[in-house]
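For reference, input-v9.cif is printed below; it contains mmCIF, C-alpha atoms.
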data_run
loop_
_atom_site.group_PDB
_atom_site.id
_atom_site.type_symbol
_atom_site.label_atom_id
_atom_site.label_comp_id
_atom_site.auth_asym_id
_atom_site.auth_seq_id
_atom_site.Cartn_x
_atom_site.Cartn_y
_atom_site.Cartn_z
ATOM 1 C CA MET A 93 32.240 32.195 -22.495
ATOM 2 C CA VAL A 94 34.385 29.389 -23.856
ATOM 3 C CA CYS A 95 32.997 27.004 -26.474
ATOM 4 C CA ALA A 96 34.501 23.604 -27.230
ATOM 5 C CA SER A 97 33.657 20.773 -29.589
ATOM 6 C CA GLU A 98 31.703 17.918 -28.042
ATOM 7 C CA ASP A 99 34.654 15.516 -27.981
ATOM 8 C CA LEU A 100 36.879 18.040 -26.140
ATOM 9 C CA TYR A 101 34.261 19.610 -23.881
ATOM 10 C CA TYR A 102 34.668 17.544 -20.689
ATOM 11 C CA LYS A 103 38.474 17.504 -20.797
ATOM 12 C CA VAL A 104 38.746 21.247 -21.463
ATOM 13 C CA ARG A 105 36.164 21.928 -18.744
ATOM 14 C CA GLU A 106 38.284 19.895 -16.300
ATOM 15 C CA TYR A 107 41.407 21.957 -17.117
ATOM 16 C CA LEU A 108 39.580 25.300 -16.834
ATOM 17 C CA GLN A 109 37.822 24.496 -13.546
ATOM 18 C CA GLY A 110 38.830 26.982 -10.817
ATOM 19 C CA LYS A 111 40.819 29.227 -13.169
ATOM 20 C CA ASN A 112 40.354 32.995 -13.206
ATOM 21 C CA ARG A 113 39.418 34.837 -16.407
ATOM 22 C CA ASP A 114 43.028 35.646 -17.353
ATOM 23 C CA GLU A 115 44.179 32.048 -16.844
ATOM 24 C CA ILE A 116 41.285 30.844 -18.993
ATOM 25 C CA PHE A 117 42.163 33.180 -21.836
ATOM 26 C CA GLU A 118 45.827 32.149 -21.612
ATOM 27 C CA PHE A 119 44.882 28.496 -22.062
ATOM 28 C CA PRO A 120 46.395 27.450 -25.421
ATOM 29 C CA LEU A 121 43.198 26.116 -26.947
ATOM 30 C CA VAL A 122 41.299 29.337 -26.184
ATOM 31 C CA TYR A 123 41.624 32.446 -28.308
ATOM 32 C CA GLY A 124 41.333 35.763 -26.498
ATOM 33 C CA GLN A 125 40.792 39.249 -27.809
ATOM 34 C CA THR A 126 42.195 42.637 -26.901
ATOM 35 C CA ILE A 127 40.460 45.933 -27.613
ATOM 36 C CA HIS A 128 42.800 48.831 -28.418
ATOM 37 C CA TYR A 129 41.590 52.376 -27.789
ATOM 38 C CA VAL A 130 42.771 55.838 -28.852
ATOM 39 C CA PRO A 131 41.760 59.235 -27.452
ATOM 40 C CA ASP A 132 38.710 60.802 -29.049
ATOM 41 C CA ASP A 133 39.489 63.578 -31.566
ATOM 42 C CA ASN A 134 38.152 66.236 -29.228
ATOM 43 C CA TYR A 135 40.146 65.055 -26.211
ATOM 44 C CA THR A 136 40.260 68.288 -24.230
ATOM 45 C CA LYS A 137 38.931 67.405 -20.804
ATOM 46 C CA ASP A 138 41.201 68.271 -17.934
ATOM 47 C CA GLU A 139 41.951 65.619 -15.364
ATOM 48 C CA ALA A 140 39.982 65.761 -12.133
ATOM 49 C CA LYS A 141 41.025 68.575 -9.801
ATOM 50 C CA SER A 142 42.633 66.214 -7.330
ATOM 51 C CA SER A 143 43.065 62.506 -6.813
ATOM 52 C CA GLY A 144 43.409 63.040 -3.075
ATOM 53 C CA TYR A 145 46.960 61.635 -3.280
ATOM 54 C CA GLN A 146 50.408 62.983 -4.119
ATOM 55 C CA CYS A 147 50.942 62.565 -7.862
ATOM 56 C CA LYS A 148 54.046 63.058 -9.963
ATOM 57 C CA TYR A 149 55.195 62.645 -13.577
ATOM 58 C CA LEU A 150 58.511 60.976 -14.390
ATOM 59 C CA PHE A 151 60.074 60.759 -17.848
ATOM 60 C CA ASP A 152 62.939 58.852 -19.433
ATOM 61 C CA ARG A 153 65.890 58.306 -17.076
ATOM 62 C CA ASP A 154 64.031 59.721 -14.056
ATOM 63 C CA ILE A 155 61.940 56.537 -14.105
ATOM 64 C CA LEU A 156 65.030 54.570 -13.047
ATOM 65 C CA ALA A 157 64.521 56.015 -9.547
ATOM 66 C CA LEU A 158 61.705 53.447 -9.306
ATOM 67 C CA THR A 159 63.949 50.463 -10.142
ATOM 68 C CA GLY A 160 62.932 47.448 -8.096
ATOM 69 C CA LEU A 161 59.314 48.552 -7.740
ATOM 70 C CA THR A 162 57.048 45.523 -8.160
ATOM 71 C CA GLY A 163 53.324 44.934 -8.443
ATOM 72 C CA PHE A 164 52.819 47.316 -11.363
ATOM 73 C CA GLU A 165 53.628 45.031 -14.305
ATOM 74 C CA ASN A 166 50.941 46.463 -16.630
ATOM 75 C CA SER A 167 52.432 49.940 -16.402
ATOM 76 C CA LEU A 168 56.046 49.651 -15.271
ATOM 77 C CA ALA A 169 58.235 46.543 -15.217
ATOM 78 C CA PHE A 170 61.982 46.250 -14.852
ATOM 79 C CA ASP A 171 64.101 43.415 -16.223
ATOM 80 C CA GLU A 172 66.850 41.657 -14.243
ATOM 81 C CA ASN A 173 69.312 44.397 -15.318
ATOM 82 C CA GLY A 174 67.099 47.202 -13.985
ATOM 83 C CA SER A 175 66.033 48.355 -17.449
ATOM 84 C CA THR A 176 62.501 49.207 -18.527
ATOM 85 C CA SER A 177 60.778 49.997 -21.817
ATOM 86 C CA THR A 178 58.506 52.463 -20.023
ATOM 87 C CA LYS A 179 59.297 56.052 -21.050
ATOM 88 C CA ALA A 180 56.734 58.027 -19.029
ATOM 89 C CA VAL A 181 54.844 57.426 -15.785
ATOM 90 C CA TYR A 182 52.316 59.242 -13.654
ATOM 91 C CA ILE A 183 52.464 57.857 -10.123
ATOM 92 C CA ALA A 184 50.204 58.279 -7.097
ATOM 93 C CA ARG A 185 51.431 57.971 -3.522
ATOM 94 C CA ASP A 186 49.600 57.570 -0.259
ATOM 95 C CA LYS A 187 52.121 59.013 2.172
ATOM 96 C CA ASN A 188 55.390 57.349 1.023
ATOM 97 C CA ARG A 189 53.796 54.301 -0.577
ATOM 98 C CA ILE A 190 53.228 54.116 -4.356
ATOM 99 C CA ILE A 191 49.619 53.003 -4.840
ATOM 100 C CA GLY A 192 49.054 53.541 -8.556
ATOM 101 C CA VAL A 193 51.073 53.865 -11.755
ATOM 102 C CA ALA A 194 50.053 54.828 -15.274
ATOM 103 C CA GLY A 195 52.958 54.106 -17.598
ATOM 104 C CA ALA A 196 53.591 54.537 -21.307
ATOM 105 C CA ALA A 197 56.021 52.639 -23.509
ATOM 106 C CA GLU A 198 56.983 53.234 -27.117
ATOM 107 C CA SER A 199 55.312 50.951 -29.640
ATOM 108 C CA LEU A 200 56.638 49.772 -32.982
ATOM 109 C CA VAL A 201 55.077 52.865 -34.585
ATOM 110 C CA ASN A 202 57.145 56.010 -34.121
ATOM 111 C CA GLY A 203 55.389 58.608 -31.945
ATOM 112 C CA VAL A 204 52.719 56.166 -30.710
ATOM 113 C CA TRP A 205 52.967 54.929 -27.102
ATOM 114 C CA GLU A 206 50.892 52.347 -25.243
ATOM 115 C CA ILE A 207 49.522 53.271 -21.822
ATOM 116 C CA GLY A 208 49.085 50.700 -19.055
ATOM 117 C CA ILE A 209 47.616 51.172 -15.583
ATOM 118 C CA ASP A 210 47.998 49.447 -12.214
ATOM 119 C CA VAL A 211 46.305 50.431 -8.964
ATOM 120 C CA MET A 212 46.841 48.502 -5.735
ATOM 121 C CA GLU A 213 43.761 46.447 -4.928
ATOM 122 C CA GLU A 214 42.750 48.311 -1.794
ATOM 123 C CA TYR A 215 42.724 51.622 -3.728
ATOM 124 C CA ARG A 216 40.581 50.452 -6.640
ATOM 125 C CA ASN A 217 37.014 51.533 -7.427
ATOM 126 C CA ALA A 218 37.728 55.154 -6.474
ATOM 127 C CA ARG A 219 38.603 56.260 -10.044
ATOM 128 C CA LEU A 220 42.305 56.612 -9.283
ATOM 129 C CA GLY A 221 43.127 54.601 -12.430
ATOM 130 C CA THR A 222 41.003 56.977 -14.496
ATOM 131 C CA TYR A 223 42.722 59.989 -12.942
ATOM 132 C CA LEU A 224 46.201 58.630 -13.694
ATOM 133 C CA VAL A 225 45.439 57.515 -17.266
ATOM 134 C CA ARG A 226 43.723 60.830 -18.033
ATOM 135 C CA GLY A 227 46.669 62.798 -16.637
ATOM 136 C CA LEU A 228 49.280 60.793 -18.527
ATOM 137 C CA THR A 229 47.224 60.991 -21.744
ATOM 138 C CA LYS A 230 47.022 64.771 -21.490
ATOM 139 C CA GLU A 231 50.779 65.022 -20.849
ATOM 140 C CA LEU A 232 51.644 62.793 -23.827
ATOM 141 C CA LEU A 233 49.330 64.668 -26.190
ATOM 142 C CA GLU A 234 50.953 67.952 -25.157
ATOM 143 C CA ARG A 235 54.289 66.386 -26.184
ATOM 144 C CA ASN A 236 52.843 65.356 -29.596
ATOM 145 C CA ILE A 237 52.878 61.670 -28.640
ATOM 146 C CA ILE A 238 49.802 59.633 -29.597
ATOM 147 C CA PRO A 239 48.769 57.295 -26.782
ATOM 148 C CA PHE A 240 46.708 54.143 -27.083
ATOM 149 C CA TYR A 241 45.234 51.960 -24.373
ATOM 150 C CA SER A 242 44.549 48.216 -24.476
ATOM 151 C CA ALA A 243 42.073 46.096 -22.524
ATOM 152 C CA SER A 244 41.180 42.427 -22.613
ATOM 153 C CA ILE A 245 37.580 41.744 -23.599
ATOM 154 C CA THR A 246 37.266 40.040 -20.209
ATOM 155 C CA ASN A 247 38.397 43.093 -18.216
ATOM 156 C CA ILE A 248 35.293 45.268 -17.863
ATOM 157 C CA GLY A 249 36.994 47.509 -15.261
ATOM 158 C CA SER A 250 39.796 48.371 -17.684
ATOM 159 C CA GLN A 251 37.285 49.044 -20.455
ATOM 160 C CA MET A 252 35.461 51.427 -18.097
ATOM 161 C CA VAL A 253 38.727 53.312 -17.477
ATOM 162 C CA ALA A 254 39.156 53.719 -21.248
ATOM 163 C CA SER A 255 35.595 55.014 -21.607
ATOM 164 C CA ARG A 256 35.894 57.451 -18.672
ATOM 165 C CA CYS A 257 39.118 58.793 -20.171
ATOM 166 C CA ASP A 258 37.375 59.558 -23.495
ATOM 167 C CA TYR A 259 39.139 56.783 -25.348
ATOM 168 C CA ILE A 260 37.287 55.121 -28.213
ATOM 169 C CA PRO A 261 37.776 51.592 -29.618
ATOM 170 C CA PHE A 262 40.052 51.659 -32.650
ATOM 171 C CA TRP A 263 40.984 48.021 -33.373
ATOM 172 C CA VAL A 264 40.683 44.522 -31.917
ATOM 173 C CA ASP A 265 43.168 41.687 -32.163
ATOM 174 C CA THR A 266 42.846 37.994 -31.444
ATOM 175 C CA PHE A 267 45.594 36.043 -29.723
ATOM 176 C CA GLY A 268 46.410 32.484 -28.735
ATOM 177 C CA THR A 269 49.285 30.806 -26.939
ATOM 178 C CA ILE A 270 52.247 29.879 -29.141
ATOM 179 C CA LEU A 271 52.967 26.205 -28.618
ATOM 180 C CA ASP A 272 56.735 26.430 -28.945
ATOM 181 C CA GLY A 273 57.621 24.469 -25.810
ATOM 182 C CA SER A 274 57.611 27.510 -23.489
ATOM 183 C CA SER A 275 53.948 27.315 -22.431
ATOM 184 C CA VAL A 276 53.078 25.914 -19.005
ATOM 185 C CA TYR A 277 50.308 24.087 -20.840
ATOM 186 C CA ASN A 278 52.544 21.955 -23.097
ATOM 187 C CA GLY A 279 51.858 18.815 -21.026
ATOM 188 C CA ILE A 280 48.122 19.397 -21.315
ATOM 189 C CA ILE A 281 48.396 19.799 -25.082
ATOM 190 C CA ARG A 282 50.300 16.509 -25.353
ATOM 191 C CA SER A 283 47.627 14.853 -23.203
ATOM 192 C CA LEU A 284 44.765 16.243 -25.274
ATOM 193 C CA SER A 285 46.591 15.343 -28.476
ATOM 194 C CA SER A 286 47.095 11.734 -27.444
ATOM 195 C CA GLU A 287 43.449 11.406 -26.363
ATOM 196 C CA PHE A 288 41.727 13.110 -29.270
ATOM 197 C CA ILE A 289 44.090 13.330 -32.236
ATOM 198 C CA GLU A 290 44.913 9.642 -32.615
#
Would you put the structure from the file into structure tokens?
Amino acid sequence: MVCASEDLYYKVREYLQGKNRDEIFEFPLVYGQTIHYVPDDNYTKDEAKSSGYQCKYLFDRDILALTGLTGFENSLAFDENGSTSTKAVYIARDKNRIIGVAGAAESLVNGVWEIGIDVMEEYRNARLGTYLVRGLTKELLERNIIPFYSASITNIGSQMVASRCDYIPFWVDTFGTILDGSSVYNGIIRSLSSEFIE
């Protein structure tokens, strides 16, 4: 739900028409929220016996074997130089095709890593994301690394993965677009400003 003042309502509604939930929450006049989860204190459950796919852990430099892989930006992204901040991944393959990746990157707090998950659309709703996040969580905890998991308040599927993996909400943050000239919405802001802030 997005609320707007009466004088902005029709213009904002026009700009948000046809946008998906992520585009709406990236709109500069809308503030979104992210829920951050940590594993429950008694996190001892083993991952499911099998995902039905070939799965493999990769750590540190071994991850570079995946350089160029695209479509998994929440869990593993490479820059133009082939570098990545991801330090651990648990990947699932269907034959020779990577279909899911749980990845973890170091945060600003030493020994605390953030987990992200991506599963190709045609393989979703079969709990593969849960399997991968649970497996990577277990592996990180065994290495004395504290994982956390983040989900937008609009992403119910991601929140369900957190819950199924015995993660509990720990903190929430609110975010908005920084209007520093880099936003694709700068023209809209100028338009709204000239119409309503005169």
Near region 204-209 of chain A, within 10 Å and counting all atoms listed in the file, which residues show up once chain neighbours fewer than 2 positions away are dropped, as a short mmCIF file (atom, residue, chain, number, x, y, z; two decimals) with C-alpha atoms, in the frame of the given file?
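Everything below was put into out.cif:
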data_model
loop_
_atom_site.label_atom_id
_atom_site.label_comp_id
_atom_site.auth_asym_id
_atom_site.auth_seq_id
_atom_site.Cartn_x
_atom_site.Cartn_y
_atom_site.Cartn_z
CA HIS A 128 42.80 48.83 -28.42
CA TYR A 129 41.59 52.38 -27.79
CA VAL A 130 42.77 55.84 -28.85
CA PHE A 164 52.82 47.32 -11.36
CA GLU A 165 53.63 45.03 -14.30
CA ASN A 166 50.94 46.46 -16.63
CA SER A 167 52.43 49.94 -16.40
CA LEU A 168 56.05 49.65 -15.27
CA THR A 178 58.51 52.46 -20.02
CA LYS A 179 59.30 56.05 -21.05
CA ALA A 180 56.73 58.03 -19.03
CA VAL A 181 54.84 57.43 -15.78
CA TYR A 182 52.32 59.24 -13.65
CA ILE A 183 52.46 57.86 -10.12
CA GLY A 192 49.05 53.54 -8.56
CA VAL A 193 51.07 53.86 -11.76
CA ALA A 194 50.05 54.83 -15.27
CA GLY A 195 52.96 54.11 -17.60
CA ALA A 196 53.59 54.54 -21.31
CA ALA A 197 56.02 52.64 -23.51
CA GLU A 198 56.98 53.23 -27.12
CA SER A 199 55.31 50.95 -29.64
CA LEU A 200 56.64 49.77 -32.98
CA VAL A 201 55.08 52.86 -34.58
CA ASN A 202 57.14 56.01 -34.12
CA VAL A 211 46.30 50.43 -8.96
CA LEU A 220 42.30 56.61 -9.28
CA GLY A 221 43.13 54.60 -12.43
CA THR A 222 41.00 56.98 -14.50
CA LEU A 224 46.20 58.63 -13.69
CA VAL A 225 45.44 57.52 -17.27
CA LEU A 228 49.28 60.79 -18.53
CA THR A 229 47.22 60.99 -21.74
CA LEU A 232 51.64 62.79 -23.83
CA ASN A 236 52.84 65.36 -29.60
CA ILE A 237 52.88 61.67 -28.64
CA ILE A 238 49.80 59.63 -29.60
CA PRO A 239 48.77 57.30 -26.78
CA PHE A 240 46.71 54.14 -27.08
CA TYR A 241 45.23 51.96 -24.37
CA SER A 242 44.55 48.22 -24.48
CA ALA A 243 42.07 46.10 -22.52
CA SER A 250 39.80 48.37 -17.68
CA VAL A 253 38.73 53.31 -17.48
#
- Message: I'd like to see the residues matched by the PyMOL selection byres ((chain A and resi 257) around 9) on this file, and ideally I'd get them as a ChimeraX atom specification.
- Response: /A:131,135,137,139,222-223,225-226,229,252-256,258-259
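If only C-alpha atoms are the atoms counted, then among A:Met212, A:Ile190, A:Ile248, A:Ala184 the closest residue to Gly227 (chain A) is A:Ala184.
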- What gap, in Å, lies between CA of Tyr123 (chain A) and CA of Ala169 (chain A)? 25.4 Å
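Minimum atom-to-atom distances from A:Ser175, A:Arg113, A:Asp210, A:Ser143 to Leu156 (chain A) were compared using only C-alpha atoms, and the lowest value belongs to A:Ser175.
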